[in-house]
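Peer 1: Handing you a structure now.
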Amino acid sequence: MSSEREIEIREKLTSRWLEVEPSVRAFVAAAVRSAADREDVLQQVALTVARRFEEYDEQRPFVAWALWLAKSRVIDFYRSQKSQRLVLADGMLERLAETLVQRRAEVSPRREALEECLEGLPPRSRNLLRFRYHDGLPIEGIAAAVHSTPGSVRVALFRIRETLAACIERRLAAEGGR
Amino acid sequence: MIDDAVGQNIDRWLDGDLPVAEETALRIALENDPKSLSLLADRAVLHGLLRDVAGRPAITLAWVDRRPAVVRSAAWVALSLAVCFLFGTMLVLPRADAKSADMVRRVLDTLRTDVDRRYSVRVEPAFPRVRAARARPQPPVSTLLVRGTRFVQSTEIEGRFLAWGRDARGAVWFTVSPRSVAVFGADEIPDALGDVCDLRTLDLATMLETLLRDFELERSSGSGATDTIIGRPRDRASRFGRVEISIERESLQVQGMVIQRRHRGRLTATVRFVLEETAARDEGAYEWRGHVDADAEVLDGTAVRGARRDLLTEFLRIVRQEPADS
């Protein structure tokens, strides 16, 4: 293969992967239990996508192809972990992938809307999110940091995400109505 | 309408916090109600976006990696993809403007000796806390003393004196009062602490090498005896945006830098460094011992479990200027 062709393929692969990575990450997060295992599976998916990229049929959505490979890697992961039971059965994984394919086009607008919605949160809520997503603290760690109980933190985070999800939907609906 | 209990279990699952005993209930809900599966998909996307926007993703295209091995392995894949991309773009894009690159190389030559430089540093955060920042006082200026990868930085926030640094062995330490200090060995630095160090310190030689390698450079004659080099990253995934360096033409001394930091293409902060002094300092200037009382409590890897983490939480809260009751 000429170096120019190789460069073209590498650029295309990088660009496509960056576009679908949020959907693949969401799929793996929904299907695999622990954060460390999710990262390992995601790594396997990325490797498989890179290795088999030339097999990709450009007539099909890339996200569907990447999620199809992700499904195989999730099943492989559970086969290798005999002690862990697959939480989502094969058919459920299929439906989850289909749902994420349908949502794919909304990911970027959702990110934009989320950024706007985060601005409207009170400092306490933003702090909880920062502990969770920036510092990567587990629920117990956040509870210790804010001198609260794990139960209260769980409920607070649930409410914050509900608020954000509703805010995102409102903004997307408003955008769509323009 | 989905039951709150199902929604909470989905969040707990995604947080890695759902007890195994509860998994069956979640599985049944997902199998019996298509709306639950739809909610799982939406929430998984939301968790991922929150990681990107409110936090930092496990996969970043940075070239300084302080993360645990299990996370680093995934990052390696993205990094290798990015390197392929970078390799490709470097072949097809024009090289740095020759005169600008030559000036940066000559500045680099002046940095070969171990010299201590003192800078004032101001970090101006961008989105997503723009609105909150409006209500805050001006970000405080901190003082940075740096020699190669060693540094010590100090500032006063909320009437409290903070200091943090990295010593010759790569250990990172910080203190929020003269009575105690937390010390993390080079191989145990938490991401959040690493980020603070990465954002607020300046390894000038590494920065200039990065500019030569990864940036388009252009030179403009500044005022009087100073030239300005503007750098723009070639790689759209770079964690840097525009970089501006002011160089004294005669001495080739870097008088100041303005560095834009980016995350996934978005501006996250602008960091301004202004050179205050160049002078020789003792090695001890970079050690924690010179910044706390002689009998201060030292929280290192042998400290009571959680004590070092609690002090880190307090340190990060103050550095980020977040309210104490939040």
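Every chain in the structure tokens takes a letter, A first, then B, and so on in the order presented; its residues are numbered from 1, and the ligands are numbered from 1 following the presented order.
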If you count only C-alpha atoms, which residues fall within 12 Å of region 194-199 of chain B, apart from same-chain ones fewer than 5 positions away, as an NGL selection string?
Peer 2: (:A and (134-135)) or (:B and (55-56 or 62-67 or 121-125 or 144 or 146 or 149-154 or 163-166 or 170-174 or 184-189 or 207 or 239-240 or 259-262 or 268-273 or 312 or 315-320))
Peer 1: Please find the residues of chain A near chain B - the criterion being any atom within 6 Å, counting only C-alpha atoms - and write them as a ChimeraX atom specification.
Peer 2: /A:7,11,14,26,30,34,39,43,124,130,133-135
Peer 1: Which neighbours of region 244-258 of chain B fall inside 8 Å, counting only C-alpha atoms, when residues of the same chain fewer than 2 positions from it are skipped, and could you give them as a VMD selection string?
Peer 2: chain B and resid 106 to 107 110 222 225 to 231 242 260 270 to 275
Peer 1: Take the residues from that selection and write them out as a PDB file, in the first residue's frame, keeping N, CA and C atoms.
Peer 2:
ATOM      1  N   ARG B 106      16.977  28.737  19.056  1.00  0.00           N
ATOM      2  CA  ARG B 106      18.036  29.499  19.746  1.00  0.00           C
ATOM      3  C   ARG B 106      17.655  29.742  21.203  1.00  0.00           C
ATOM      4  N   VAL B 107      16.359  29.961  21.441  1.00  0.00           N
ATOM      5  CA  VAL B 107      15.914  30.109  22.839  1.00  0.00           C
ATOM      6  C   VAL B 107      16.144  28.798  23.583  1.00  0.00           C
ATOM      7  N   THR B 110      19.522  28.299  24.964  1.00  0.00           N
ATOM      8  CA  THR B 110      19.847  29.063  26.183  1.00  0.00           C
ATOM      9  C   THR B 110      19.311  28.363  27.427  1.00  0.00           C
ATOM     10  N   GLY B 222       7.397  42.516  17.965  1.00  0.00           N
ATOM     11  CA  GLY B 222       6.582  43.140  18.996  1.00  0.00           C
ATOM     12  C   GLY B 222       7.061  44.548  19.257  1.00  0.00           C
ATOM     13  N   ALA B 225      12.098  45.990  22.172  1.00  0.00           N
ATOM     14  CA  ALA B 225      13.143  44.964  22.051  1.00  0.00           C
ATOM     15  C   ALA B 225      12.574  43.551  22.094  1.00  0.00           C
ATOM     16  N   THR B 226      11.268  43.415  21.947  1.00  0.00           N
ATOM     17  CA  THR B 226      10.647  42.096  22.112  1.00  0.00           C
ATOM     18  C   THR B 226      10.039  41.596  20.800  1.00  0.00           C
ATOM     19  N   ASP B 227      10.235  40.308  20.536  1.00  0.00           N
ATOM     20  CA  ASP B 227       9.565  39.656  19.410  1.00  0.00           C
ATOM     21  C   ASP B 227       8.481  38.736  19.954  1.00  0.00           C
ATOM     22  N   THR B 228       7.470  38.515  19.133  1.00  0.00           N
ATOM     23  CA  THR B 228       6.393  37.609  19.555  1.00  0.00           C
ATOM     24  C   THR B 228       6.296  36.455  18.566  1.00  0.00           C
ATOM     25  N   ILE B 229       6.264  35.244  19.094  1.00  0.00           N
ATOM     26  CA  ILE B 229       6.050  34.061  18.257  1.00  0.00           C
ATOM     27  C   ILE B 229       4.642  33.547  18.558  1.00  0.00           C
ATOM     28  N   ILE B 230       3.866  33.355  17.502  1.00  0.00           N
ATOM     29  CA  ILE B 230       2.519  32.795  17.676  1.00  0.00           C
ATOM     30  C   ILE B 230       2.537  31.355  17.171  1.00  0.00           C
ATOM     31  N   GLY B 231       2.044  30.449  17.975  1.00  0.00           N
ATOM     32  CA  GLY B 231       1.974  29.048  17.568  1.00  0.00           C
ATOM     33  C   GLY B 231       0.535  28.570  17.525  1.00  0.00           C
ATOM     34  N   ARG B 242      -4.004  28.262  20.861  1.00  0.00           N
ATOM     35  CA  ARG B 242      -3.013  29.253  20.442  1.00  0.00           C
ATOM     36  C   ARG B 242      -1.997  29.458  21.566  1.00  0.00           C
ATOM     37  N   GLN B 260      -3.264  28.811  25.530  1.00  0.00           N
ATOM     38  CA  GLN B 260      -4.671  28.369  25.577  1.00  0.00           C
ATOM     39  C   GLN B 260      -4.692  26.860  25.743  1.00  0.00           C
ATOM     40  N   THR B 270      -7.217  29.854  29.765  1.00  0.00           N
ATOM     41  CA  THR B 270      -6.060  30.578  29.235  1.00  0.00           C
ATOM     42  C   THR B 270      -5.112  30.794  30.400  1.00  0.00           C
ATOM     43  N   VAL B 271      -3.868  30.400  30.228  1.00  0.00           N
ATOM     44  CA  VAL B 271      -2.883  30.505  31.312  1.00  0.00           C
ATOM     45  C   VAL B 271      -1.818  31.512  30.889  1.00  0.00           C
ATOM     46  N   ARG B 272      -1.600  32.518  31.754  1.00  0.00           N
ATOM     47  CA  ARG B 272      -0.630  33.568  31.426  1.00  0.00           C
ATOM     48  C   ARG B 272       0.567  33.469  32.361  1.00  0.00           C
ATOM     49  N   PHE B 273       1.755  33.351  31.796  1.00  0.00           N
ATOM     50  CA  PHE B 273       2.996  33.297  32.565  1.00  0.00           C
ATOM     51  C   PHE B 273       3.800  34.579  32.266  1.00  0.00           C
ATOM     52  N   VAL B 274       4.228  35.269  33.312  1.00  0.00           N
ATOM     53  CA  VAL B 274       5.075  36.448  33.108  1.00  0.00           C
ATOM     54  C   VAL B 274       6.350  36.245  33.913  1.00  0.00           C
ATOM     55  N   LEU B 275       7.513  36.351  33.243  1.00  0.00           N
ATOM     56  CA  LEU B 275       8.788  36.133  33.930  1.00  0.00           C
ATOM     57  C   LEU B 275       9.056  37.274  34.907  1.00  0.00           C
TER      58      LEU B 275
END
Peer 1: Can you pull out every residue within 8 Å of region 45-56 of chain A, counting only C-alpha atoms, but drop anything in the same chain fewer than 5 positions away, and send it as a list of chain:residue names?
Peer 2: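 Counting only the stated atoms, we get A:Leu13, A:Trp17, A:Phe62, A:Trp65, A:Ala66, A:Leu69, A:Ala70, A:Arg73, B:Val77, B:Ala78.
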Peer 1: I'd like the interatomic distance between CA of Leu204 (chain B) and CA of Arg234 (chain B), to a tenth of an Å.
Peer 2: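 Separating CA of Leu204 (chain B) from CA of Arg234 (chain B) is a distance of 19.7 Å.
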Peer 1: Got a sec: who's within 12 Å of Trp68 (chain A), counting only C-alpha atoms, leaving out chain neighbours fewer than 2 positions off, as an MDAnalysis selection string?
Peer 2: chainID A and resid 23:24 27:28 45 48:49 56 60:66 70:75 90 93:98 100:101
Peer 1: Just write the chosen residues, N, CA and C atoms, as a PDB file, in the first residue's frame.
Peer 2:
ATOM      1  N   SER A  23     -20.890   6.874  21.293  1.00  0.00           N
ATOM      2  CA  SER A  23     -21.923   5.831  21.204  1.00  0.00           C
ATOM      3  C   SER A  23     -21.362   4.479  21.631  1.00  0.00           C
ATOM      4  N   VAL A  24     -20.137   4.192  21.207  1.00  0.00           N
ATOM      5  CA  VAL A  24     -19.525   2.910  21.575  1.00  0.00           C
ATOM      6  C   VAL A  24     -19.267   2.878  23.082  1.00  0.00           C
ATOM      7  N   PHE A  27     -22.458   2.211  24.834  1.00  0.00           N
ATOM      8  CA  PHE A  27     -22.846   0.805  24.698  1.00  0.00           C
ATOM      9  C   PHE A  27     -22.083  -0.065  25.700  1.00  0.00           C
ATOM     10  N   VAL A  28     -20.783   0.138  25.746  1.00  0.00           N
ATOM     11  CA  VAL A  28     -19.942  -0.678  26.639  1.00  0.00           C
ATOM     12  C   VAL A  28     -20.305  -0.387  28.098  1.00  0.00           C
ATOM     13  N   VAL A  45     -12.458  -3.010  21.531  1.00  0.00           N
ATOM     14  CA  VAL A  45     -13.300  -2.558  20.414  1.00  0.00           C
ATOM     15  C   VAL A  45     -12.486  -1.662  19.486  1.00  0.00           C
ATOM     16  N   THR A  48     -10.127  -3.677  17.463  1.00  0.00           N
ATOM     17  CA  THR A  48     -10.814  -4.445  16.421  1.00  0.00           C
ATOM     18  C   THR A  48     -11.233  -3.531  15.268  1.00  0.00           C
ATOM     19  N   VAL A  49     -11.767  -2.361  15.622  1.00  0.00           N
ATOM     20  CA  VAL A  49     -12.178  -1.407  14.578  1.00  0.00           C
ATOM     21  C   VAL A  49     -10.970  -1.046  13.707  1.00  0.00           C
ATOM     22  N   TYR A  56     -14.785  -2.478   6.390  1.00  0.00           N
ATOM     23  CA  TYR A  56     -15.980  -1.639   6.572  1.00  0.00           C
ATOM     24  C   TYR A  56     -16.572  -1.225   5.211  1.00  0.00           C
ATOM     25  N   ARG A  60     -22.802   1.539   4.590  1.00  0.00           N
ATOM     26  CA  ARG A  60     -23.528   1.356   5.858  1.00  0.00           C
ATOM     27  C   ARG A  60     -23.069   2.396   6.884  1.00  0.00           C
ATOM     28  N   PRO A  61     -23.911   2.735   7.861  1.00  0.00           N
ATOM     29  CA  PRO A  61     -23.468   3.691   8.885  1.00  0.00           C
ATOM     30  C   PRO A  61     -22.298   3.104   9.683  1.00  0.00           C
ATOM     31  N   PHE A  62     -21.270   3.913   9.869  1.00  0.00           N
ATOM     32  CA  PHE A  62     -20.086   3.436  10.594  1.00  0.00           C
ATOM     33  C   PHE A  62     -20.436   3.070  12.029  1.00  0.00           C
ATOM     34  N   VAL A  63     -21.354   3.849  12.620  1.00  0.00           N
ATOM     35  CA  VAL A  63     -21.694   3.601  14.025  1.00  0.00           C
ATOM     36  C   VAL A  63     -22.312   2.211  14.189  1.00  0.00           C
ATOM     37  N   ALA A  64     -23.128   1.791  13.206  1.00  0.00           N
ATOM     38  CA  ALA A  64     -23.749   0.465  13.301  1.00  0.00           C
ATOM     39  C   ALA A  64     -22.687  -0.620  13.223  1.00  0.00           C
ATOM     40  N   TRP A  65     -21.713  -0.416  12.347  1.00  0.00           N
ATOM     41  CA  TRP A  65     -20.630  -1.396  12.197  1.00  0.00           C
ATOM     42  C   TRP A  65     -19.783  -1.465  13.486  1.00  0.00           C
ATOM     43  N   ALA A  66     -19.454  -0.272  14.026  1.00  0.00           N
ATOM     44  CA  ALA A  66     -18.632  -0.240  15.251  1.00  0.00           C
ATOM     45  C   ALA A  66     -19.380  -0.885  16.423  1.00  0.00           C
ATOM     46  N   ALA A  70     -18.574  -3.996  18.735  1.00  0.00           N
ATOM     47  CA  ALA A  70     -18.579  -3.817  20.196  1.00  0.00           C
ATOM     48  C   ALA A  70     -19.390  -4.920  20.870  1.00  0.00           C
ATOM     49  N   LYS A  71     -20.495  -5.288  20.238  1.00  0.00           N
ATOM     50  CA  LYS A  71     -21.339  -6.353  20.801  1.00  0.00           C
ATOM     51  C   LYS A  71     -20.550  -7.661  20.897  1.00  0.00           C
ATOM     52  N   SER A  72     -19.813  -7.966  19.855  1.00  0.00           N
ATOM     53  CA  SER A  72     -18.996  -9.198  19.872  1.00  0.00           C
ATOM     54  C   SER A  72     -17.952  -9.147  20.984  1.00  0.00           C
ATOM     55  N   ARG A  73     -17.331  -7.978  21.153  1.00  0.00           N
ATOM     56  CA  ARG A  73     -16.285  -7.871  22.183  1.00  0.00           C
ATOM     57  C   ARG A  73     -16.894  -7.995  23.587  1.00  0.00           C
ATOM     58  N   VAL A  74     -18.112  -7.453  23.771  1.00  0.00           N
ATOM     59  CA  VAL A  74     -18.778  -7.569  25.083  1.00  0.00           C
ATOM     60  C   VAL A  74     -19.069  -9.046  25.383  1.00  0.00           C
ATOM     61  N   ILE A  75     -19.575  -9.746  24.382  1.00  0.00           N
ATOM     62  CA  ILE A  75     -19.884 -11.176  24.585  1.00  0.00           C
ATOM     63  C   ILE A  75     -18.588 -11.960  24.864  1.00  0.00           C
ATOM     64  N   ASP A  90     -28.248 -11.497  24.677  1.00  0.00           N
ATOM     65  CA  ASP A  90     -27.850 -11.196  23.296  1.00  0.00           C
ATOM     66  C   ASP A  90     -28.860 -10.270  22.595  1.00  0.00           C
ATOM     67  N   LEU A  93     -28.718  -6.756  23.870  1.00  0.00           N
ATOM     68  CA  LEU A  93     -27.560  -6.018  23.358  1.00  0.00           C
ATOM     69  C   LEU A  93     -27.860  -5.495  21.958  1.00  0.00           C
ATOM     70  N   GLU A  94     -28.536  -6.360  21.176  1.00  0.00           N
ATOM     71  CA  GLU A  94     -28.910  -5.972  19.807  1.00  0.00           C
ATOM     72  C   GLU A  94     -29.803  -4.728  19.837  1.00  0.00           C
ATOM     73  N   ARG A  95     -30.799  -4.759  20.717  1.00  0.00           N
ATOM     74  CA  ARG A  95     -31.744  -3.624  20.790  1.00  0.00           C
ATOM     75  C   ARG A  95     -31.066  -2.359  21.322  1.00  0.00           C
ATOM     76  N   LEU A  96     -30.150  -2.575  22.278  1.00  0.00           N
ATOM     77  CA  LEU A  96     -29.412  -1.425  22.813  1.00  0.00           C
ATOM     78  C   LEU A  96     -28.598  -0.769  21.690  1.00  0.00           C
ATOM     79  N   ALA A  97     -27.932  -1.612  20.891  1.00  0.00           N
ATOM     80  CA  ALA A  97     -27.127  -1.079  19.777  1.00  0.00           C
ATOM     81  C   ALA A  97     -28.026  -0.327  18.793  1.00  0.00           C
ATOM     82  N   GLU A  98     -29.194  -0.896  18.488  1.00  0.00           N
ATOM     83  CA  GLU A  98     -30.120  -0.232  17.556  1.00  0.00           C
ATOM     84  C   GLU A  98     -30.536   1.142  18.105  1.00  0.00           C
ATOM     85  N   LEU A 100     -28.886   3.027  20.144  1.00  0.00           N
ATOM     86  CA  LEU A 100     -27.760   3.969  20.095  1.00  0.00           C
ATOM     87  C   LEU A 100     -27.475   4.421  18.660  1.00  0.00           C
ATOM     88  N   VAL A 101     -27.721   3.544  17.691  1.00  0.00           N
ATOM     89  CA  VAL A 101     -27.571   3.955  16.284  1.00  0.00           C
ATOM     90  C   VAL A 101     -28.571   5.069  15.980  1.00  0.00           C
TER      91      VAL A 101
END
Peer 1: From the set A:Arg104, A:Arg5, A:Arg111, A:Arg159, which residue has the shortest atom-to-atom contact distance to Ser125 (chain A), counting only C-alpha atoms?
Peer 2: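 Closest residue, counting only C-alpha atoms: A:Arg159.
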Peer 1: Among region 38-153 of chain A, which ones does DSSP place in helix (DSSP H, G or I), written as number ranges by chain?
Peer 2: A: 38-51, 53-55, 62-80, 90-119, 123-134, 139-145, 150-153
Peer 1: Work out how far apart CA of Glu140 (chain A) and CA of Val298 (chain B) are and give it in Å to one decimal.
Peer 2: 24.6 Å
